[in-house]
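Notes for the one structure printed next.
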Amino acid sequence: MARLIRTEKEVEGRYTEQWVVVEEDAAIDQWPAGPRETVGRPVPRVDGYERARGQALFTADVALPGMLHAAVLRSPYARARVRRLDLSRAREADWVLGAIGPDDCDALTLEPGFHGEPVAAVAVDSPGRAREALELIDVDWEELEPLLDPEEAVRRNELHEEPRRYERGDADAAFADADVVVEAEYRTQTVLHNPLETHQSVCRWEGDTLEVYISTQFIWGVRDDIAESLDLPPDRIRVICNFMGGGFGAKNGAHAQTFIAIALASQTGRPVRCALSRREENLATGNRNSTIQRLRAGARSDGTLVALEGEFVNAVGWKGWSGPTYGPMEMLYACENVRTLTYGAKLNLPPNAAFRAPGFVEGTFGLECLLDELAGRLELDPLELRARNHADRDLADDRPYSSKNLLECYRRAEPHWARRDAVRARSEGPWRRGVGLASQIWYGGGGPPSYAWVRIGSDGRATVITAMQDIGTGTRTAMAQIAAEELGLPLDRVRVSLGDSSRGPYASISAGSSTTPSMGPAVRAAAADAARQVIEIAAQRYHLEERLLTMQGGKVVSSDGGSWPLEEVTGLLEDAQILGKGARGPNPTGMRVLTFGIQVADVAVDVETGEVRVERIAAIHDVGRVINPLGAQSQVEGGIIQGVGHTLSEERLVDPASGIVLTQSLDAYKLPTIADVPEIVVELLDIPDEHLTNLGSKGLGEPPIVPTAAAIVNAIRDATGADVRSLPVSRDEMLRALREARERERAAAPA
Amino acid sequence: MQLLRPESVEAAAAALGNGSVALAGGTDLVPMLRDRLVSAETLVELKEVVPRGVEGTRIGAGTTLAELEVDPEIPAALREACALAASPQLRSMGTIGGNLLQATRCWYWRLDFPCFLHGGSRCHAREGAHREHAIFGNERCASAHPSDPAAALLALGARVRTSRRELGLEELYRLPTEDDRNVTALEPGELILELDVPRPEASVYLKAMDRARWAFPLVGVAAARFADGVRLALAGVAPIPWRLDSETDLDRATPLPGTAYKVELARPLIRRALHSVT
Amino acid sequence: MLELVVNGGRYEVEAPIGQTLAETLRGPLGLTGTKIACGEGHCGACTVQLDGVPVLSCITLVHTVGEREVTTIEGLRDHPLVDAFVRADALQCGFCTPGQIVSAAALVEADPEPTPERIRHAMAGNLCRCGTYPRIEEALLTWRD
């Protein structure tokens, strides 16, 4: 019977309440911890060959008959008013088939608030001529003075929302009583997602149904965005994304390119592709915004944290949201007295977008560097300081954790941390070596609603059907493993059909480390439902008791000795199929579901040239049960490598006078290459969360990027004594910090 | 647009000018055509007319960086500069002649700001974002010359044979002036055909960049020791490859607020380069 | 009319001067395994081989290819590196992967047992935003196993 329940849903720290339907009242017990037949064992991804051979069709490869190509006229100014927009020359040109302005599409504006904001668009039938058609649009621009400085925005109260204030305990009193107080200002830069497939959509009307092929992290979110914006019945919108080339948080909605393609498809009656160029991608699709963090920590001489205080300025941009930069300070440690104040500055800069653990990456950098500065003042071992302030219960929400094994992570970090003396001893010449660490806290529990079906055919093969997306994280593979495990089938007899809102039930967003913990339990429930039906059929056909039957090794097996190949049982139905349905149940009531971990970084710094080499990172994370250790390792490595880029080489630069984005191309915006990668040691605790779903799995896309910058910067301090307080640690910043450290040493030296 | 494939230097020279542009590896030109930083009615492909390969001390201007990177006959400074330049694919495509003539990576210039180098009245980088920019010769234009091999060849005292003359590499480059915003002395239609690279007793190229590979130099230092002394040249520090006599020449640098670190960075690199060749 | 030799086959295509090799492969030839991710020669997703040499097809004008043989990922589908990449899990989203394999195939042709240093030097022009580099290195160290 369908059971309607009201439950709490969290995505990246934002909680909402919603209704969900759960199909099964009977809960399914979690599997015992440890590797099973398929779950918990390393498996190459099931779509690996399609992707490696270039056979996977991405949105970038979708070519529909008669398809037109759109180009977008974007504001060349950070702030401007369009006095006059004249599309008539474009509309008159016989080779330009569509031309739209703000009257035709809400994603276009006459008052752009950032460099790159869309103003008008055209469609032509040759991709090579799309940009040329933009020259037929006549625009009379009035350039306006942009607001670019976040501190100035705070002073002028140009904010996206009221400043967020949080306080628990009495921070002032606690600081007054503290034995030691440290304070520092940290800054993080703006970084760009740069998925290799840019934002793109192909839209086509098929009768009264709108088909949208899109590179997205959330098929259903796209459908909702379009339905709401265009006032269409949602089921007349079909959203398709079979393969997508990376998102990292920037592709959670329909985005401007979809609305532009829809408007042009409506105007021309033809399918329209709107694909961003790399440079457009780096202007207008979001970023991890820069932050300024003024932080203070007070402790007793034994290392007990008594007070934490943070003022955070998020340079959000023209649109977007003020992320939880304060999160780690409020959640990571057992500190009774915490006060934070957070501003979301509204600036004439491109909007931010969620980027792999938004807010927590930035906030962890500040907090965990401050903790090491505190450890230095207290002459306490940094690992010991963290263990001493371990939180046994969530103080921000005053709830127990569903599971937390951070102390075990700390214990597993000890051998890596103990290498410190040996690493330092390898310093030679200008190269100084050191080790640093940082803790990680983040969400990742996923939640309902999410649904899946499992279909078993007469051939004894199973198909998992759900309209989710695999954004490259390997969820297709993980879902196949879960279904195979539950059905007792070898992995090669399970397929996963996803990526199409008209060919499967509602599925979760792939963001907030939520795909596996949201979808996995639904897939398992669907497989269990299908297995139950198979067993019921077998029991009737072979006159057995259901309770004696299980599915194992591709067979229905009776505990009294008999066994029947699955295809023999399902073959009874000829072409008909068995369909199991499953739903994701609610998260444990009254508990905080979070992920934890620690990273230990070894670095070498050339103190003369400021060159920083990250030589090794050990990553120990507690993310519940691991479904596919091979894919999980790759996820952790990938997160760390993005973290290395964030720490050392990536920075979006803007002209300080005009607000024009200067680093639009991938020579100027420096992603890590294979030559920049350290040795990475991954250890996942693989302890199922006993309170969380029928799997006990949490997500792990985001946790690995959270502590990387702080661990590296703490290692730099260990190696050189220099306090890096600003990202990226470019040569200029490293040389500045080294100079400051030398001067400090000189001033401290006896005359 | 049309594409010509002349079979002689004379025909190529004759085809150039009047809205036509020479095309060799295309790694710089093709993106610039797309960005309309260069406009051309006619492309003149040089593959058939510019020599390729190494013979003794002579290097055909059509030789790719990838070929030079692995050629044991080539002085170490040039080999290392080629190996550390750009990306493997760009090195496989790009020719040494084209590399010497590549345009700056200054983002203002690349984004077509009406800057001094584009014929405008001021340098946007001086007041703007300029951490990758120049510390020498930067009064009018603070762009940095991006070529690693050019600095190596300058230190090696290479000479250039063009379709019209022979000149030292130093004479190939010039700072842009009010009257002439070019950074090379090549005349319209003049082609680089060959380089003559003296054999040093020892040479080295050291490079500081933002990534371990595939980045333009923040500072590149080439040093070559000859019987009569050591020659030094730097990449990434001026609108053109820049000669220095010694480390103390850095005292005469005119860094911008955001490029002062390059002076600090150049010192140990110069010392290390000198130490390496002596 | 232009003649191209691609993956052993000879093709006639019509292309205006200025069209790139990548556009030609993906458009008229329908070989969409070659990806365009930056379109300006910075990321390596469009890498193909010309006579065995890895080049960036997004900034190679198709009319300059001449008689050189073009090898794309479609011509390398049965290369043992494909297996090695899948086994080592050297891909996540897979958008850069065809370009990675084309570069890697040229590397192992020149040096069947590349050292980690050589791999890092030869593969530095193929950006992977998902960060599968350690797995790619592993695939290149184990491709003949």
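Naming scheme: A, B, ... for chains in displayed order of the structure tokens; residues 1 onward per chain; ligands 1 onward as shown.
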Practice prompt. From stretch 12-112 of chain C, collect each residue whose DSSP state is helix (DSSP H, G or I) and return the set as a ChimeraX atom specification.
Written response: /C:21-26,57-59,62-64,73-76,80-87,97-110
Please produce a file of those selected residues containing C-alpha atoms, as an mmCIF file, in the first residue's frame.
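Heads up, here's the output in result_13.cif:
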```cif
data_model
loop_
_atom_site.group_PDB
_atom_site.id
_atom_site.type_symbol
_atom_site.label_atom_id
_atom_site.label_comp_id
_atom_site.auth_asym_id
_atom_site.auth_seq_id
_atom_site.Cartn_x
_atom_site.Cartn_y
_atom_site.Cartn_z
ATOM 1 C CA LEU C 21 39.353 19.394 -38.899
ATOM 2 C CA ALA C 22 37.271 18.881 -35.741
ATOM 3 C CA GLU C 23 34.227 20.493 -37.340
ATOM 4 C CA THR C 24 34.660 18.338 -40.412
ATOM 5 C CA LEU C 25 35.055 15.118 -38.448
ATOM 6 C CA ARG C 26 32.062 15.818 -36.218
ATOM 7 C CA SER C 57 41.835 19.164 -34.475
ATOM 8 C CA CYS C 58 39.884 22.203 -33.230
ATOM 9 C CA ILE C 59 42.632 24.545 -34.428
ATOM 10 C CA VAL C 62 40.968 20.954 -42.568
ATOM 11 C CA HIS C 63 42.495 22.179 -45.813
ATOM 12 C CA THR C 64 45.992 21.916 -44.340
ATOM 13 C CA ILE C 73 39.162 7.580 -31.471
ATOM 14 C CA GLU C 74 36.918 5.710 -33.896
ATOM 15 C CA GLY C 75 40.077 4.279 -35.431
ATOM 16 C CA LEU C 76 41.419 3.251 -32.031
ATOM 17 C CA PRO C 80 44.409 -2.251 -25.945
ATOM 18 C CA LEU C 81 44.485 1.154 -24.265
ATOM 19 C CA VAL C 82 40.698 1.261 -24.367
ATOM 20 C CA ASP C 83 40.643 -1.842 -22.203
ATOM 21 C CA ALA C 84 43.343 -0.416 -19.983
ATOM 22 C CA PHE C 85 41.412 2.808 -19.448
ATOM 23 C CA VAL C 86 38.229 0.948 -18.538
ATOM 24 C CA ARG C 87 40.035 -1.513 -16.249
ATOM 25 C CA THR C 97 38.576 10.436 -22.651
ATOM 26 C CA PRO C 98 38.699 9.979 -26.440
ATOM 27 C CA GLY C 99 41.335 12.723 -26.625
ATOM 28 C CA GLN C 100 43.230 11.153 -23.735
ATOM 29 C CA ILE C 101 43.311 7.791 -25.512
ATOM 30 C CA VAL C 102 44.431 9.328 -28.808
ATOM 31 C CA SER C 103 47.342 11.045 -27.033
ATOM 32 C CA ALA C 104 48.110 7.928 -25.021
ATOM 33 C CA ALA C 105 48.143 5.758 -28.154
ATOM 34 C CA ALA C 106 50.786 8.001 -29.714
ATOM 35 C CA LEU C 107 52.804 7.844 -26.517
ATOM 36 C CA VAL C 108 52.853 4.054 -26.270
ATOM 37 C CA GLU C 109 53.637 3.807 -29.962
ATOM 38 C CA ALA C 110 56.790 5.824 -29.303
#
```
Item to complete: Write out as a ChimeraX atom specification all residues of stretch 32-206 of chain B that DSSP puts in strand (DSSP E) for this structure's backbone.
Response: /B:42-45,54-55,58-60,159-162,166-168,192-196,202-206
Practice prompt. For chain C, report every residue with an atom at most 6 Å from chain B (counting only C-alpha atoms), formatted as a list in words.
Written response: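 Per the criterion, chain C yields Ile17, Glu40, Pro54, Val55, Ile59, Ala122 and Gly125 of chain C.
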Discussion item. As a PyMOL selection string, please: the residues near stretch 222-238 of chain B (cut-off 7 Å, only C-alpha atoms, same-chain neighbours under 5 positions excluded).
Written reply: chain B and resi 77+133-138+142-148+151-152+154-156+200-206+217+243-245+273-274+277
Keeping only C-alpha atoms, write those residues as a CSV table (one decimal), in the first residue's frame.
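Okay, part.csv is ready:
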```csv
chain,number,residue,atom,x,y,z
B,77,ALA,CA,68.7,25.6,-23.3
B,133,HIS,CA,52.9,41.1,-16.9
B,134,ALA,CA,56.2,42.8,-17.5
B,135,ILE,CA,58.9,44.2,-15.3
B,136,PHE,CA,61.1,45.7,-18.0
B,137,GLY,CA,60.3,47.8,-21.0
B,138,ASN,CA,56.7,48.2,-19.7
B,142,ALA,CA,53.1,46.0,-20.0
B,143,SER,CA,52.5,42.8,-22.0
B,144,ALA,CA,54.9,39.9,-21.4
B,145,HIS,CA,56.5,38.0,-24.3
B,146,PRO,CA,55.3,34.4,-23.9
B,147,SER,CA,58.0,32.5,-25.9
B,148,ASP,CA,60.3,30.2,-24.0
B,151,ALA,CA,64.6,33.6,-24.6
B,152,ALA,CA,66.8,30.5,-25.1
B,154,LEU,CA,68.5,35.0,-27.5
B,155,ALA,CA,70.8,33.7,-24.8
B,156,LEU,CA,72.4,31.4,-27.4
B,200,PRO,CA,77.6,27.0,-26.4
B,201,GLU,CA,79.9,25.2,-24.0
B,202,ALA,CA,76.9,24.8,-21.8
B,203,SER,CA,73.4,26.2,-21.6
B,204,VAL,CA,70.2,25.8,-19.6
B,205,TYR,CA,66.6,27.1,-19.4
B,206,LEU,CA,64.8,27.4,-16.2
B,217,PRO,CA,56.3,31.6,-18.3
B,243,ARG,CA,68.6,40.3,-22.4
B,244,LEU,CA,70.3,40.9,-19.1
B,245,ASP,CA,74.0,41.1,-18.4
B,273,ALA,CA,71.1,29.2,-14.3
B,274,LEU,CA,74.5,30.7,-13.9
B,277,VAL,CA,76.4,26.6,-16.8
```
Discussion item. Distance limit 9 Å, atoms considered: only C-alpha atoms. Which chain A residues sit that close to chain C? Return them as a VMD selection string.
Written reply: chain A and resid 43 to 45 47 to 58 60 to 61 128 193 to 198 243 to 246 248 277 to 279 470 to 474 630 to 631 634 to 635 637 to 642 665 to 667 671 to 680
Worksheet entry | Distance criterion (only C-alpha atoms): nearest to chain A out of B:Arg165, B:Arg159, B:Arg110, B:Arg122 | B:Arg110
Nearby residues (only C-alpha atoms) at most 7 Å from A:Ile712, same-chain spacing under 6 positions excluded, as a PDB file with C-alpha atoms, in the first residue's frame:
```pdb
ATOM      1  CA  GLY A 436      49.686  19.444   7.301  1.00  0.00           C
ATOM      2  CA  ALA A 601      49.187  16.601   2.892  1.00  0.00           C
ATOM      3  CA  VAL A 603      54.323  19.483   0.466  1.00  0.00           C
TER       4      VAL A 603
END
```
Residues of chain B that have any atom at most 9 Å from an atom of chain A: could you tabulate them with the shortest-distance atom pair and the distance in Å to one decimal, using only C-alpha atoms, ordered by chain and increasing number, as a Markdown table?
```
| residue | atom | partner | partner_atom | distance |
| --- | --- | --- | --- | --- |
| B:Arg105 | CA | A:Ala668 | CA | 8.1 |
| B:Trp107 | CA | A:Leu662 | CA | 5.8 |
| B:Tyr108 | CA | A:Leu662 | CA | 7.2 |
| B:Leu111 | CA | A:Leu662 | CA | 7.6 |
| B:His124 | CA | A:Asp655 | CA | 8.8 |
| B:Ala125 | CA | A:Asp655 | CA | 8.6 |
| B:Glu127 | CA | A:Ala657 | CA | 8.4 |
| B:Gly128 | CA | A:Asp655 | CA | 5.7 |
| B:Ala129 | CA | A:Asp655 | CA | 5.8 |
| B:Arg131 | CA | A:Asp732 | CA | 8.1 |
| B:Ala208 | CA | A:Glu611 | CA | 7.8 |
| B:Met209 | CA | A:Arg731 | CA | 8.4 |
| B:Asp210 | CA | A:Ser649 | CA | 5.8 |
| B:Arg211 | CA | A:Ser649 | CA | 6.5 |
| B:Ala212 | CA | A:Asp676 | CA | 5.5 |
| B:Arg213 | CA | A:Ala675 | CA | 6.2 |
| B:Trp214 | CA | A:Thr673 | CA | 7.7 |
| B:Ala215 | CA | A:Asp667 | CA | 6.9 |
| B:Phe216 | CA | A:Asp667 | CA | 8.1 |
| B:Leu218 | CA | A:Arg731 | CA | 9.0 |
| B:Gly258 | CA | A:Asp732 | CA | 8.2 |
| B:Thr259 | CA | A:Asp732 | CA | 8.1 |
| B:Ala260 | CA | A:Asp732 | CA | 8.4 |
| B:Tyr261 | CA | A:Asp732 | CA | 5.5 |
| B:Lys262 | CA | A:Asp732 | CA | 7.9 |
| B:Glu264 | CA | A:Thr609 | CA | 7.7 |
| B:Leu265 | CA | A:Thr609 | CA | 5.2 |
| B:Ala266 | CA | A:Thr609 | CA | 8.0 |
| B:Arg267 | CA | A:Thr609 | CA | 8.5 |
| B:Pro268 | CA | A:Glu608 | CA | 6.2 |
| B:Leu269 | CA | A:Thr609 | CA | 7.5 |
```
Output N, CA and C atoms of each residue in that selection to a file, as a PDB file, in the first residue's frame.
```pdb
ATOM      1  N   ARG B 105      50.222  36.889 -24.505  1.00  0.00           N
ATOM      2  CA  ARG B 105      49.034  36.325 -23.854  1.00  0.00           C
ATOM      3  C   ARG B 105      48.313  37.371 -23.012  1.00  0.00           C
ATOM      4  N   TRP B 107      45.835  39.374 -21.375  1.00  0.00           N
ATOM      5  CA  TRP B 107      44.384  39.157 -21.533  1.00  0.00           C
ATOM      6  C   TRP B 107      43.684  40.378 -22.101  1.00  0.00           C
ATOM      7  N   TYR B 108      44.192  41.546 -21.824  1.00  0.00           N
ATOM      8  CA  TYR B 108      43.550  42.736 -22.395  1.00  0.00           C
ATOM      9  C   TYR B 108      43.727  42.745 -23.914  1.00  0.00           C
ATOM     10  N   LEU B 111      41.590  39.952 -25.454  1.00  0.00           N
ATOM     11  CA  LEU B 111      40.153  40.257 -25.444  1.00  0.00           C
ATOM     12  C   LEU B 111      39.851  41.526 -26.235  1.00  0.00           C
ATOM     13  N   HIS B 124      45.956  48.933 -20.621  1.00  0.00           N
ATOM     14  CA  HIS B 124      44.957  48.617 -19.591  1.00  0.00           C
ATOM     15  C   HIS B 124      45.542  47.793 -18.463  1.00  0.00           C
ATOM     16  N   ALA B 125      46.580  47.027 -18.782  1.00  0.00           N
ATOM     17  CA  ALA B 125      47.147  46.143 -17.757  1.00  0.00           C
ATOM     18  C   ALA B 125      47.844  46.929 -16.654  1.00  0.00           C
ATOM     19  N   GLU B 127      47.072  49.603 -15.106  1.00  0.00           N
ATOM     20  CA  GLU B 127      46.145  49.962 -14.019  1.00  0.00           C
ATOM     21  C   GLU B 127      45.285  48.770 -13.611  1.00  0.00           C
ATOM     22  N   GLY B 128      45.342  47.734 -14.386  1.00  0.00           N
ATOM     23  CA  GLY B 128      44.388  46.638 -14.198  1.00  0.00           C
ATOM     24  C   GLY B 128      45.016  45.399 -13.577  1.00  0.00           C
ATOM     25  N   ALA B 129      44.510  44.242 -14.006  1.00  0.00           N
ATOM     26  CA  ALA B 129      45.016  42.966 -13.488  1.00  0.00           C
ATOM     27  C   ALA B 129      46.264  42.597 -14.283  1.00  0.00           C
ATOM     28  N   ARG B 131      49.204  40.370 -13.006  1.00  0.00           N
ATOM     29  CA  ARG B 131      50.189  39.534 -12.319  1.00  0.00           C
ATOM     30  C   ARG B 131      51.100  38.766 -13.284  1.00  0.00           C
ATOM     31  N   ALA B 208      59.678  29.347 -14.376  1.00  0.00           N
ATOM     32  CA  ALA B 208      58.683  29.376 -13.297  1.00  0.00           C
ATOM     33  C   ALA B 208      57.322  29.601 -13.941  1.00  0.00           C
ATOM     34  N   MET B 209      56.380  28.723 -13.594  1.00  0.00           N
ATOM     35  CA  MET B 209      55.031  28.857 -14.154  1.00  0.00           C
ATOM     36  C   MET B 209      54.001  28.447 -13.124  1.00  0.00           C
ATOM     37  N   ASP B 210      52.722  28.703 -13.442  1.00  0.00           N
ATOM     38  CA  ASP B 210      51.648  28.471 -12.482  1.00  0.00           C
ATOM     39  C   ASP B 210      51.246  27.010 -12.353  1.00  0.00           C
ATOM     40  N   ARG B 211      51.600  26.201 -13.347  1.00  0.00           N
ATOM     41  CA  ARG B 211      51.366  24.769 -13.248  1.00  0.00           C
ATOM     42  C   ARG B 211      52.693  24.081 -13.530  1.00  0.00           C
ATOM     43  N   ALA B 212      52.729  22.749 -13.285  1.00  0.00           N
ATOM     44  CA  ALA B 212      53.974  22.013 -13.544  1.00  0.00           C
ATOM     45  C   ALA B 212      54.260  21.921 -15.045  1.00  0.00           C
ATOM     46  N   ARG B 213      53.198  21.936 -15.847  1.00  0.00           N
ATOM     47  CA  ARG B 213      53.331  21.887 -17.304  1.00  0.00           C
ATOM     48  C   ARG B 213      52.236  22.758 -17.895  1.00  0.00           C
ATOM     49  N   TRP B 214      52.388  23.054 -19.170  1.00  0.00           N
ATOM     50  CA  TRP B 214      51.356  23.722 -19.967  1.00  0.00           C
ATOM     51  C   TRP B 214      50.915  25.053 -19.319  1.00  0.00           C
ATOM     52  N   ALA B 215      51.906  25.934 -19.206  1.00  0.00           N
ATOM     53  CA  ALA B 215      51.605  27.311 -18.822  1.00  0.00           C
ATOM     54  C   ALA B 215      52.668  28.202 -19.444  1.00  0.00           C
ATOM     55  N   PHE B 216      52.287  29.415 -19.710  1.00  0.00           N
ATOM     56  CA  PHE B 216      53.252  30.369 -20.216  1.00  0.00           C
ATOM     57  C   PHE B 216      54.137  30.826 -19.057  1.00  0.00           C
ATOM     58  N   LEU B 218      55.954  32.657 -16.132  1.00  0.00           N
ATOM     59  CA  LEU B 218      55.946  33.860 -15.295  1.00  0.00           C
ATOM     60  C   LEU B 218      57.308  34.520 -15.453  1.00  0.00           C
ATOM     61  N   GLY B 258      51.689  44.589  -9.122  1.00  0.00           N
ATOM     62  CA  GLY B 258      51.389  43.157  -9.177  1.00  0.00           C
ATOM     63  C   GLY B 258      52.470  42.312  -9.810  1.00  0.00           C
ATOM     64  N   THR B 259      53.559  42.911 -10.270  1.00  0.00           N
ATOM     65  CA  THR B 259      54.620  42.088 -10.870  1.00  0.00           C
ATOM     66  C   THR B 259      55.931  42.177 -10.101  1.00  0.00           C
ATOM     67  N   ALA B 260      55.907  42.871  -8.967  1.00  0.00           N
ATOM     68  CA  ALA B 260      57.146  42.998  -8.190  1.00  0.00           C
ATOM     69  C   ALA B 260      57.703  41.622  -7.824  1.00  0.00           C
ATOM     70  N   TYR B 261      56.802  40.669  -7.613  1.00  0.00           N
ATOM     71  CA  TYR B 261      57.267  39.326  -7.247  1.00  0.00           C
ATOM     72  C   TYR B 261      58.134  38.693  -8.335  1.00  0.00           C
ATOM     73  N   LYS B 262      57.937  39.152  -9.573  1.00  0.00           N
ATOM     74  CA  LYS B 262      58.733  38.557 -10.666  1.00  0.00           C
ATOM     75  C   LYS B 262      60.214  38.913 -10.537  1.00  0.00           C
ATOM     76  N   GLU B 264      61.728  39.294  -7.674  1.00  0.00           N
ATOM     77  CA  GLU B 264      62.168  38.401  -6.604  1.00  0.00           C
ATOM     78  C   GLU B 264      62.341  36.970  -7.130  1.00  0.00           C
ATOM     79  N   LEU B 265      61.460  36.588  -8.032  1.00  0.00           N
ATOM     80  CA  LEU B 265      61.474  35.245  -8.604  1.00  0.00           C
ATOM     81  C   LEU B 265      62.634  35.068  -9.584  1.00  0.00           C
ATOM     82  N   ALA B 266      62.946  36.137 -10.302  1.00  0.00           N
ATOM     83  CA  ALA B 266      64.008  36.040 -11.317  1.00  0.00           C
ATOM     84  C   ALA B 266      65.388  35.857 -10.665  1.00  0.00           C
ATOM     85  N   ARG B 267      65.579  36.450  -9.494  1.00  0.00           N
ATOM     86  CA  ARG B 267      66.920  36.397  -8.878  1.00  0.00           C
ATOM     87  C   ARG B 267      67.424  34.976  -8.669  1.00  0.00           C
ATOM     88  N   PRO B 268      66.690  34.142  -7.922  1.00  0.00           N
ATOM     89  CA  PRO B 268      67.229  32.784  -7.725  1.00  0.00           C
ATOM     90  C   PRO B 268      67.313  32.002  -9.031  1.00  0.00           C
ATOM     91  N   LEU B 269      66.400  32.256  -9.964  1.00  0.00           N
ATOM     92  CA  LEU B 269      66.465  31.518 -11.232  1.00  0.00           C
ATOM     93  C   LEU B 269      67.733  31.893 -11.989  1.00  0.00           C
TER      94      LEU B 269
END
```
Worksheet item: Quick one, how far is atom CA of A:His543 from atom CA of A:Ser458?
Response: 20.2 Å
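When atom CA of A:Val523 is paired with atom CA of A:Ala2, their separation reads 16.9 Å.
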